[in-house]
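Next up, work_27.cif (mmCIF, C-alpha atoms):
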```cif
data_final
#
loop_
_atom_site.label_atom_id
_atom_site.label_comp_id
_atom_site.auth_asym_id
_atom_site.auth_seq_id
_atom_site.Cartn_x
_atom_site.Cartn_y
_atom_site.Cartn_z
CA MET A 1 -69.12 -79.87 20.92
CA ASP A 2 -70.87 -79.19 17.67
CA GLN A 3 -68.56 -78.93 14.59
CA THR A 4 -71.32 -78.51 12.03
CA SER A 5 -70.93 -74.77 11.58
CA HIS A 6 -67.14 -75.12 11.17
CA PHE A 7 -67.64 -77.91 8.61
CA ARG A 8 -70.09 -75.80 6.62
CA ALA A 9 -67.67 -72.86 6.60
CA VAL A 10 -64.86 -75.06 5.24
CA ILE A 11 -67.12 -76.47 2.51
CA LYS A 12 -68.19 -72.95 1.54
CA ALA A 13 -64.53 -71.82 1.35
CA VAL A 14 -63.60 -74.79 -0.84
CA ARG A 15 -66.52 -74.12 -3.18
CA THR A 16 -65.61 -70.45 -3.43
CA ARG A 17 -61.97 -71.29 -4.19
CA ARG A 18 -62.98 -73.81 -6.87
CA SER A 19 -65.31 -71.36 -8.56
CA ARG A 20 -62.53 -68.73 -8.65
CA GLU A 21 -60.08 -71.24 -10.11
CA GLN A 22 -62.54 -72.14 -12.84
CA SER A 23 -63.21 -68.51 -13.66
CA GLY A 24 -59.49 -67.68 -13.68
CA ASP A 25 -59.65 -64.98 -11.02
CA ALA A 26 -57.15 -66.57 -8.68
CA ILE A 27 -53.94 -68.49 -9.07
CA SER A 28 -54.56 -72.15 -8.52
CA PRO A 29 -52.55 -73.68 -5.69
CA GLY A 30 -51.01 -76.32 -7.95
CA HIS A 31 -49.54 -73.82 -10.38
CA GLY A 32 -47.91 -71.36 -8.02
CA ILE A 33 -46.45 -68.06 -9.12
CA PHE A 34 -44.05 -69.40 -11.75
CA PRO A 35 -45.24 -71.07 -14.94
CA LYS A 36 -45.36 -74.86 -14.85
CA SER A 37 -43.11 -75.45 -17.82
CA LYS A 38 -40.38 -73.14 -18.95
CA THR A 39 -39.51 -72.68 -22.55
CA ARG A 40 -35.95 -73.76 -23.06
CA SER A 41 -33.58 -71.83 -25.25
CA ASN A 42 -31.97 -73.39 -28.29
CA PHE A 43 -28.64 -73.31 -26.44
CA SER A 44 -30.10 -75.28 -23.52
CA LYS A 45 -31.68 -77.87 -25.79
CA ARG A 46 -28.45 -78.48 -27.69
CA ALA A 47 -26.41 -78.61 -24.48
CA ARG A 48 -28.84 -81.15 -23.05
CA ASP A 49 -28.57 -83.26 -26.22
CA VAL A 50 -24.77 -83.27 -25.97
CA THR A 51 -25.03 -84.29 -22.32
CA ARG A 52 -27.34 -87.18 -23.22
CA VAL A 53 -24.96 -88.46 -25.90
CA ILE A 54 -21.95 -88.29 -23.57
CA THR A 55 -23.91 -90.03 -20.81
CA LYS A 56 -25.03 -92.82 -23.14
CA LEU A 57 -21.44 -93.35 -24.29
CA ARG A 58 -20.21 -93.44 -20.70
CA GLU A 59 -22.91 -95.93 -19.66
CA PHE A 60 -22.17 -98.14 -22.66
CA LEU A 61 -18.44 -98.16 -21.93
CA LEU A 62 -19.02 -99.01 -18.28
CA GLU A 63 -21.56 -101.74 -19.05
CA ASN A 64 -19.27 -103.46 -21.53
CA ARG A 65 -15.97 -102.83 -19.73
CA ARG A 66 -15.41 -106.42 -18.58
CA GLU A 67 -15.99 -107.98 -22.01
CA TYR A 68 -14.07 -105.23 -23.81
CA VAL A 69 -10.96 -105.56 -21.65
CA ASN A 70 -11.05 -109.36 -21.44
CA VAL A 71 -8.68 -110.22 -24.31
CA THR A 72 -8.17 -113.81 -23.14
CA GLY A 73 -11.91 -114.43 -23.18
CA HIS A 74 -11.63 -117.20 -25.74
CA LEU A 75 -9.61 -119.23 -23.23
CA SER A 76 -12.27 -119.07 -20.55
CA SER A 77 -15.53 -120.97 -20.62
CA SER A 78 -17.57 -117.79 -20.48
CA SER A 79 -19.99 -117.42 -23.37
CA ALA A 80 -20.15 -113.61 -23.06
CA THR A 81 -16.94 -112.86 -24.92
CA MET A 82 -16.39 -110.05 -27.35
CA SER A 83 -14.58 -110.51 -30.63
CA ASP A 84 -11.75 -108.25 -31.76
CA SER A 85 -13.87 -106.92 -34.62
CA VAL A 86 -16.58 -105.86 -32.16
CA ARG A 87 -13.93 -104.18 -30.00
CA GLU A 88 -12.63 -102.29 -33.03
CA GLN A 89 -16.15 -101.26 -33.93
CA ILE A 90 -16.71 -99.99 -30.37
CA ASP A 91 -13.47 -98.01 -30.62
CA GLN A 92 -14.48 -96.46 -33.93
CA GLU A 93 -17.98 -95.56 -32.72
CA ALA A 94 -16.66 -94.13 -29.45
CA ILE A 95 -14.10 -92.00 -31.29
CA HIS A 96 -16.78 -90.83 -33.72
CA LEU A 97 -19.15 -89.88 -30.87
CA ILE A 98 -16.35 -88.10 -28.99
CA GLN A 99 -15.44 -86.09 -32.08
CA THR A 100 -19.08 -85.24 -32.78
CA CYS A 101 -19.64 -84.11 -29.19
CA HIS A 102 -16.44 -82.08 -29.29
CA GLN A 103 -17.64 -80.30 -32.44
CA ARG A 104 -21.04 -79.61 -30.87
CA ILE A 105 -19.36 -78.22 -27.75
CA GLU A 106 -17.20 -75.97 -29.91
CA THR A 107 -20.35 -74.73 -31.65
CA LEU A 108 -21.93 -74.00 -28.27
CA GLN A 109 -18.73 -72.21 -27.23
CA GLN A 110 -18.86 -70.01 -30.32
CA GLU A 111 -22.52 -69.26 -29.70
CA ALA A 112 -21.83 -68.41 -26.05
CA THR A 113 -19.02 -66.00 -26.95
CA SER A 114 -20.89 -64.41 -29.85
CA SER A 115 -24.07 -63.84 -27.85
CA LYS A 116 -22.37 -61.98 -25.00
CA ALA A 117 -23.53 -58.64 -26.38
CA SER A 118 -27.14 -59.68 -26.88
CA VAL A 119 -27.75 -61.33 -23.48
CA CYS A 120 -27.15 -60.18 -19.96
CA GLU A 121 -23.84 -60.90 -18.26
CA GLN A 122 -25.31 -63.56 -15.99
CA VAL A 123 -26.72 -65.57 -18.89
CA SER A 124 -23.48 -65.40 -20.86
CA GLU A 125 -21.55 -66.48 -17.77
CA HIS A 126 -24.00 -69.36 -17.32
CA HIS A 127 -23.52 -70.43 -20.94
CA GLN A 128 -19.76 -70.36 -20.48
CA CYS A 129 -20.06 -72.52 -17.34
CA VAL A 130 -22.28 -74.98 -19.21
CA VAL A 131 -19.69 -75.24 -22.00
CA ASP A 132 -16.90 -75.73 -19.45
CA GLY A 133 -18.91 -78.44 -17.69
CA LEU A 134 -19.61 -80.24 -20.94
CA THR A 135 -15.94 -80.07 -21.89
CA THR A 136 -14.91 -81.52 -18.53
CA TYR A 137 -17.51 -84.28 -18.78
CA LEU A 138 -16.43 -85.20 -22.31
CA LYS A 139 -12.78 -85.30 -21.22
CA ALA A 140 -13.65 -87.66 -18.36
CA VAL A 141 -15.50 -90.04 -20.70
CA CYS A 142 -12.67 -89.79 -23.23
CA GLU A 143 -10.19 -90.72 -20.50
CA LEU A 144 -12.38 -93.67 -19.54
CA HIS A 145 -12.32 -94.91 -23.12
CA SER A 146 -8.58 -94.30 -23.43
CA GLU A 147 -7.86 -96.22 -20.23
CA GLN A 148 -9.96 -99.18 -21.36
CA ARG A 149 -8.29 -99.15 -24.73
CA ALA A 150 -4.81 -98.94 -23.17
CA VAL A 151 -5.54 -101.91 -20.90
CA ARG A 152 -6.79 -103.90 -23.88
CA VAL A 153 -3.74 -103.04 -26.00
CA ARG A 154 -1.40 -103.81 -23.09
CA GLN A 155 -3.03 -107.21 -22.63
CA LEU A 156 -2.79 -107.94 -26.37
CA VAL A 157 0.92 -107.06 -26.41
CA GLU A 158 1.52 -109.23 -23.35
CA LYS A 159 -0.41 -112.10 -24.95
CA GLN A 160 1.65 -111.81 -28.16
CA ARG A 161 4.88 -111.65 -26.18
CA LEU A 162 3.94 -114.79 -24.24
CA SER A 163 3.00 -116.64 -27.41
CA ARG A 164 6.38 -115.73 -28.92
CA LEU A 165 8.12 -116.96 -25.79
CA GLU A 166 6.20 -120.23 -25.99
CA THR A 167 7.16 -120.77 -29.62
CA ASN A 168 10.80 -119.82 -28.91
CA SER A 169 11.00 -122.10 -25.87
CA GLY A 170 9.61 -124.95 -27.96
CA GLU A 171 12.35 -124.44 -30.57
CA LEU A 172 15.24 -124.23 -28.10
CA PRO A 173 15.49 -127.93 -27.22
CA ALA A 174 15.41 -128.88 -30.89
CA THR A 175 18.29 -126.53 -31.73
CA SER A 176 20.36 -127.60 -28.72
CA LEU A 177 20.35 -131.27 -29.84
CA THR A 178 22.18 -130.52 -33.08
#
```

Take the structure from the file and write it as structure tokens.
Amino acid sequence: MDQTSHFRAVIKAVRTRRSREQSGDAISPGHGIFPKSKTRSNFSKRARDVTRVITKLREFLLENRREYVNVTGHLSSSSATMSDSVREQIDQEAIHLIQTCHQRIETLQQEATSSKASVCEQVSEHHQCVVDGLTTYLKAVCELHSEQRAVRVRQLVEKQRLSRLETNSGELPATSLT
């Protein structure tokens, strides 16, 4: 069975398609109907930036959770311990980032409510859902930080209480002899 005529027809079709693509007459198969890259609105860009900051904070907190919570790290032989000053600095930076993100979300909320008249209902509803999602995400990361901080403070209080008990138990025999 001779396939030469079929092969020639396919080659001719490919050449015709390529020449149309180069001249701009037809839509190229790689591009499709919709444009390749969409232009993002200012709202979308700022919402994405807030999401990135919250995600980086969450990842940082999760990566450093063990060292942050390990208050008795100086007693262990592990070299990857975190000092109290570093823990305080992490707390301050986390609180600062949370406040900054909260302010940015409030700005997005104001923009979403003020632009309801200028955009269609579906877009304004989408903006409101984005703001609600960002708020929920920020609250979850804030809770993560608060839990870690509470565990650390609880361990510090317990450590101080035990050290007081040790010093008091050491003094008891001396006072009972007199």

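Of the listed residues (A:Leu138, A:Val151, A:Cys101, A:Val130), A:Cys101 comes nearest to A:Asp49; the distances count only C-alpha atoms.
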
(request) Kindly indicate which residue among A:His127, A:Arg87, A:His102, A:Arg8 lies nearest to A:Ser41, using all atoms listed in the file for the distances. (result) A:His127

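Take the candidates A:Asp2, A:Glu147, A:Glu88, A:Glu121 and check each one against A:Arg65 using all atoms listed in the file; the shortest distance goes to A:Glu147.
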
Compile the contact shell of stretch 50-53 of chain A as an mmCIF file with C-alpha atoms, keeping the file's coordinate frame: residues with an atom at most 12 Å away, counting only C-alpha atoms, same-chain residues fewer than 2 positions apart removed.
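Output (around00.cif):
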```
data_model
loop_
_atom_site.group_PDB
_atom_site.id
_atom_site.type_symbol
_atom_site.label_atom_id
_atom_site.label_comp_id
_atom_site.auth_asym_id
_atom_site.auth_seq_id
_atom_site.Cartn_x
_atom_site.Cartn_y
_atom_site.Cartn_z
ATOM 1 C CA PHE A 43 -28.640 -73.310 -26.440
ATOM 2 C CA SER A 44 -30.100 -75.280 -23.520
ATOM 3 C CA LYS A 45 -31.680 -77.870 -25.790
ATOM 4 C CA ARG A 46 -28.450 -78.480 -27.690
ATOM 5 C CA ALA A 47 -26.410 -78.610 -24.480
ATOM 6 C CA ARG A 48 -28.840 -81.150 -23.050
ATOM 7 C CA THR A 55 -23.910 -90.030 -20.810
ATOM 8 C CA LYS A 56 -25.030 -92.820 -23.140
ATOM 9 C CA LEU A 57 -21.440 -93.350 -24.290
ATOM 10 C CA ARG A 58 -20.210 -93.440 -20.700
ATOM 11 C CA GLU A 59 -22.910 -95.930 -19.660
ATOM 12 C CA PHE A 60 -22.170 -98.140 -22.660
ATOM 13 C CA ALA A 94 -16.660 -94.130 -29.450
ATOM 14 C CA HIS A 96 -16.780 -90.830 -33.720
ATOM 15 C CA LEU A 97 -19.150 -89.880 -30.870
ATOM 16 C CA ILE A 98 -16.350 -88.100 -28.990
ATOM 17 C CA GLN A 99 -15.440 -86.090 -32.080
ATOM 18 C CA THR A 100 -19.080 -85.240 -32.780
ATOM 19 C CA CYS A 101 -19.640 -84.110 -29.190
ATOM 20 C CA HIS A 102 -16.440 -82.080 -29.290
ATOM 21 C CA GLN A 103 -17.640 -80.300 -32.440
ATOM 22 C CA ARG A 104 -21.040 -79.610 -30.870
ATOM 23 C CA ILE A 105 -19.360 -78.220 -27.750
ATOM 24 C CA GLU A 106 -17.200 -75.970 -29.910
ATOM 25 C CA THR A 107 -20.350 -74.730 -31.650
ATOM 26 C CA LEU A 108 -21.930 -74.000 -28.270
ATOM 27 C CA VAL A 130 -22.280 -74.980 -19.210
ATOM 28 C CA VAL A 131 -19.690 -75.240 -22.000
ATOM 29 C CA GLY A 133 -18.910 -78.440 -17.690
ATOM 30 C CA LEU A 134 -19.610 -80.240 -20.940
ATOM 31 C CA THR A 135 -15.940 -80.070 -21.890
ATOM 32 C CA THR A 136 -14.910 -81.520 -18.530
ATOM 33 C CA TYR A 137 -17.510 -84.280 -18.780
ATOM 34 C CA LEU A 138 -16.430 -85.200 -22.310
ATOM 35 C CA VAL A 141 -15.500 -90.040 -20.700
#
```

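We find atom CA of A:Asn64 and atom CA of A:Val157 to be spaced 21.1 Å apart.
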